[in-house]
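Novice: What follows is upload.pdb; its format and atoms are PDB, C-alpha atoms.
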ATOM      1  CA  MET A  70     -21.233  14.295   5.008
ATOM      2  CA  ASP A  71     -18.335  12.378   6.596
ATOM      3  CA  GLU A  72     -14.821  13.733   6.436
ATOM      4  CA  PRO A  73     -12.460  11.672   4.269
ATOM      5  CA  PRO A  74      -9.829   9.718   6.211
ATOM      6  CA  GLN A  75      -6.549  11.496   6.832
ATOM      7  CA  PRO A  76      -3.631  10.122   4.791
ATOM      8  CA  PRO A  77      -1.263   7.899   6.757
ATOM      9  CA  PRO A  78       2.476   8.595   6.962
ATOM     10  CA  LEU A  79       4.444   7.807   3.792
ATOM     11  CA  GLY A  80       5.537   4.182   3.703
ATOM     12  CA  THR A  81       2.622   2.859   5.773
ATOM     13  CA  LEU A  82       1.521  -0.583   4.614
ATOM     14  CA  LEU A  83      -2.135  -0.628   3.603
ATOM     15  CA  VAL A  84      -4.499  -3.222   2.154
ATOM     16  CA  ASP A  85      -7.011  -2.343  -0.568
ATOM     17  CA  ALA A  86     -10.479  -3.776  -1.208
ATOM     18  CA  ASP A  87      -8.909  -6.605  -3.276
ATOM     19  CA  ASP A  88      -6.580  -7.565  -0.369
ATOM     20  CA  ARG A  89      -3.497  -6.242  -2.182
ATOM     21  CA  VAL A  90      -0.836  -4.914   0.192
ATOM     22  CA  GLY A  91       0.863  -1.707  -0.824
ATOM     23  CA  GLU A  92       3.077   0.989   0.603
ATOM     24  CA  PHE A  93       1.378   4.380   0.861
ATOM     25  CA  ARG A  94       3.111   6.792  -1.543
ATOM     26  CA  GLY A  95       0.893   9.880  -1.417
ATOM     27  CA  GLU A  96      -2.420  11.447  -2.251
ATOM     28  CA  TRP A  97      -3.567  12.893  -5.564
ATOM     29  CA  ALA A  98      -7.011  14.192  -6.513
ATOM     30  CA  GLY A  99      -8.611  12.563  -3.483
ATOM     31  CA  LEU A 100      -7.115   9.127  -4.194
ATOM     32  CA  TRP A 101      -4.301   7.381  -2.370
ATOM     33  CA  SER A 102      -1.382   5.928  -4.294
ATOM     34  CA  LEU A 103      -0.061   2.524  -3.232
ATOM     35  CA  ARG A 104       3.004   0.684  -4.503
ATOM     36  CA  PRO A 105       3.593  -3.059  -4.234
ATOM     37  CA  VAL A 106       6.093  -3.762  -1.461
ATOM     38  CA  ALA A 107       8.183  -6.070  -3.663
ATOM     39  CA  GLY A 108       8.234  -3.521  -6.503
ATOM     40  CA  GLY A 109       5.959  -2.872  -9.411
ATOM     41  CA  THR A 110       3.464  -0.373 -10.728
ATOM     42  CA  GLU A 111       1.651   1.920  -8.328
ATOM     43  CA  TRP A 112      -2.140   1.920  -8.222
ATOM     44  CA  THR A 113      -4.713   4.219  -6.686
ATOM     45  CA  VAL A 114      -7.447   3.501  -4.181
ATOM     46  CA  ARG A 115     -10.208   5.500  -2.604
ATOM     47  CA  PRO A 116      -9.241   6.267   1.012
ATOM     48  CA  GLU A 117     -12.350   4.530   2.335
ATOM     49  CA  ASP A 118     -11.273   1.314   0.542
ATOM     50  CA  ALA A 119      -7.899   1.126   2.296
ATOM     51  CA  ARG A 120      -7.122  -0.220   5.747
ATOM     52  CA  PRO A 121      -3.928  -0.830   7.707
ATOM     53  CA  ALA A 122      -2.203  -4.135   7.026
ATOM     54  CA  THR A 123      -2.444  -6.755   9.752
ATOM     55  CA  PRO A 124       0.798  -7.985  11.361
ATOM     56  CA  GLU A 125       0.554 -11.167   9.258
ATOM     57  CA  GLN A 126       0.106  -9.182   6.032
ATOM     58  CA  ARG A 127       3.038  -6.917   6.965
ATOM     59  CA  ILE A 128       5.351  -9.892   7.581
ATOM     60  CA  ARG A 129       4.288 -11.546   4.318
ATOM     61  CA  ALA A 130       4.860  -8.328   2.333
ATOM     62  CA  LEU A 131       8.238  -7.595   3.921
ATOM     63  CA  THR A 132       9.356 -11.186   3.320
ATOM     64  CA  ALA A 133       8.352 -10.851  -0.350
ATOM     65  CA  ARG A 134      10.466  -7.667  -0.550
ATOM     66  CA  ALA A 135      13.480  -9.398   1.018
ATOM     67  CA  ASN A 136      13.123 -12.353  -1.363
ATOM     68  CA  ALA A 137      12.876 -10.051  -4.393
ATOM     69  CA  ARG A 138      16.021  -8.215  -3.312
ATOM     70  CA  SER A 139      17.901 -11.473  -2.781
ATOM     71  CA  ARG A 140      17.032 -12.431  -6.374
ATOM     72  CA  GLY A 141      18.392  -9.099  -7.587
ATOM     73  CA  GLU A 142      15.028  -7.856  -8.803
ATOM     74  CA  TYR A 143      14.499  -4.154  -9.294
ATOM     75  CA  LEU A 144      12.515  -2.608  -6.480
TER      76      LEU A 144
END
If you convert what's in this file into structure tokens, what do you get?

Specialist:
Amino acid sequence: MDEPPQPPPLGTLLVDADDRVGEFRGEWAGLWSLRPVAGGTEWTVRPEDARPATPEQRIRALTARANARSRGEYL
């Protein structure tokens, strides 16, 4: 049986199986918790369904966060 992937450092940007980008927030009951970069409700993913965000995905997510902040949205 393969070992489950080790959790990344908190705040690492990951992409789930549905191509949603989220910030790694922690592990609970064998699942990883991700939070949308521009704010919103956290969701959980199986570790094997998450991968590091590409540079393009990181830039897009961080730009969305900056835009949300400039609009005064709660993050």

Novice: Could you give me, as CSV, a per-residue list for region 75-111 of chain A showing, wherever an atom lies at most 6 Å from an atom of region 118-137 of chain A, the closest pair of atoms and their distance in Å to one decimal, using only C-alpha atoms and sorting by chain then residue number from low to high?

Specialist:
residue,atom,partner,partner_atom,distance
A:Leu82,CA,A:Ala122,CA,5.7
A:Leu83,CA,A:Pro121,CA,4.5
A:Val84,CA,A:Arg120,CA,5.4
A:Asp85,CA,A:Ala119,CA,4.6
A:Ala86,CA,A:Asp118,CA,5.4
A:Val106,CA,A:Arg134,CA,5.9
A:Ala107,CA,A:Arg134,CA,4.2

Novice: When you draw a straight line from CA of Arg138 (chain A) to CA of Ser102 (chain A), how long is it in Å?

Specialist: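 About the pair CA of Arg138 (chain A) and CA of Ser102 (chain A): they are 22.4 Å apart.
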
Novice: Quick one: which residues end up in the PyMOL selection byres ((chain A and resi 99) around 9) for this structure, as a PyMOL selection string?

Specialist: chain A and resi 73+96-98+100-101+115-116

Novice: Any idea what the distance is between CA of Arg94 (chain A) and CA of Glu117 (chain A)?

Specialist: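 It comes out at 16.1 Å.
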
Novice: Taking the file as shown, what set of residues would the PyMOL selection byres ((chain A and resi 78) around 9) give back, as a ChimeraX atom specification?

Specialist: /A:76-77,79-81,93-95

Novice: Around region 72-86 of chain A, fit a box with edges along x, y and z, padding it by 5 Å on each side, then list its centre and edge lengths in Å to one decimal as JSON.

Specialist:
{"center_x": -4.6, "center_y": 5.0, "center_z": 2.9, "size_x": 30.4, "size_y": 27.5, "size_z": 18.2}

Novice: CA of Thr113 (chain A) and CA of Glu142 (chain A), how far apart in Å?

Specialist: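 Distance between the two atoms: 23.2 Å.
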